[in-house]
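Peer 1: One structure follows; several queries about it will come next.
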Amino acid sequence: MTIVTTYKAFAATYATQLVVPGLVKRQPKVCLPTKTMVAMPSSSKRDIEEEEDECARLASLRPPCAAPAPPSTVKVWKVMHHPEWGTATHPEPEEFFALGRYCFCISNGSTPSSILEELKDGHRMVVQPKTMVGSRGKRLKGARGLNEHRYGTIMSDPRLDPDSSPGKPWYYVNVEWSQTSEPFNPLCKSNPCKTFTLIK
């Protein structure tokens, strides 16, 4: 029949042109190496710049760090105690510390006048107190040093003692002596010919 022939012809022609998906075997997916497979940083250049800007902004909000403290300018002077002079300026230790000052006389040999410019309010002093009284209570011919050191803080610049004689002027600095003594330190030495020895 013409219809059958036409149908078969149609079917044969259709079969050669149409591929039925269900009859096609799936092929495994193969990933070919491409440039997109290369690892890329997670942040773009723009992201990095924005992050740096944010860090800079946060840093500007933080309080600035304190500048390092300048080196200390407090000087420490080892001074001499002379109870052998028999004067009211250098009495026995107990009275000496109760004075609240340190008295000295300018002398080219032991105490140059430059000391008047060097001593400053806030400097420190250390002294080995001496006594003219022996261990048995008798008066000695020469002063003996006690086995201790006493520290103090200078509370004024040098001043002229108004009671001193014009020919031999005495000066003094007010000193706040500590209430207790420290053990004797043999390394804390003074020049035996100098009233003031700078030790620090």
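How things are named: the first chain in the structure tokens is A, the next is B, and so on; residues count from 1 in each chain; ligands count from 1 in the order shown.
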Applying 8 Å and only C-alpha atoms, which residues near range 80-82 of chain A remain after dropping the ones on its own chain fewer than 6 positions away? List them as a list in words.
Peer 2: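 In the requested form, the answer reads His90, Pro91, Val127, Gln128, Pro129, Lys130, Ala143, Lys194, Thr195 and Phe196 of chain A.
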Peer 1: Keeping C-alpha atoms, export the residues of the selection given above as a PDB file, in the first residue's frame.
Peer 2:
```pdb
ATOM      1  CA  HIS A  90      79.085  68.767 111.175  1.00  0.00           C
ATOM      2  CA  PRO A  91      78.037  67.466 114.597  1.00  0.00           C
ATOM      3  CA  VAL A 127      77.311  59.704 103.282  1.00  0.00           C
ATOM      4  CA  GLN A 128      79.131  57.397 105.653  1.00  0.00           C
ATOM      5  CA  PRO A 129      78.464  58.980 109.051  1.00  0.00           C
ATOM      6  CA  LYS A 130      81.402  59.337 111.413  1.00  0.00           C
ATOM      7  CA  ALA A 143      86.785  60.367 113.673  1.00  0.00           C
ATOM      8  CA  LYS A 194      87.193  65.750  97.916  1.00  0.00           C
ATOM      9  CA  THR A 195      84.089  66.878  99.775  1.00  0.00           C
ATOM     10  CA  PHE A 196      81.884  65.803  96.817  1.00  0.00           C
TER      11      PHE A 196
END
```
Peer 1: Can you pull out the residues contacting Ala98 in chain A? Cut-off 12 Å, using only C-alpha atoms, and skip same-chain residues under 4 positions away; I want them as an MDAnalysis selection string.
Peer 2: chainID A and resid 88:94 102 152 174:179
Peer 1: What gap, in Å, lies between CA of Pro186 in chain A and CA of Tyr171 in chain A?
Peer 2: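 Between these atoms lies a distance of 28.6 Å.
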Peer 1: Taking only C-alpha atoms into account, which of A:His123, A:Arg136, A:Lys200, A:Lys189 comes nearest Ser156 in chain A?
Peer 2: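 Checking each candidate against Ser156 in chain A, we get A:His123 as the closest.
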Peer 1: In terms of the shortest atom-to-atom distance over only C-alpha atoms, which of A:Trp77, A:Gly145, A:Ile106, A:Glu52 is closest to Leu198 in chain A?
Peer 2: A:Trp77
Peer 1: Can you tell me, as a ChimeraX atom specification, which residues in range 103-147 of chain A count as helix (DSSP H, G or I) by DSSP?
Peer 2: /A:115-118
Peer 1: When distances are computed from only C-alpha atoms, which of A:Gly122, A:Gly86, A:Gly100, A:Pro112 shows the smallest separation from Thr153 in chain A?
Peer 2: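 Distance minimum relative to Thr153 in chain A lands on A:Gly122.
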Peer 1: Please identify all polymer residues within 12 Å of Cys105 in chain A, counting only C-alpha atoms, omitting same-chain residues fewer than 6 positions from it, and present them as JSON, numbers by chain.
Peer 2: {"A": [89, 90, 111, 112, 113, 115, 116, 158, 159, 160, 161, 164, 165, 166, 167, 168, 169, 170, 171, 172, 173, 194, 195, 196]}
Peer 1: Tell me, in Å to one decimal, how far CA of Tyr151 in chain A is from CA of Pro83 in chain A.
Peer 2: 17.9 Å
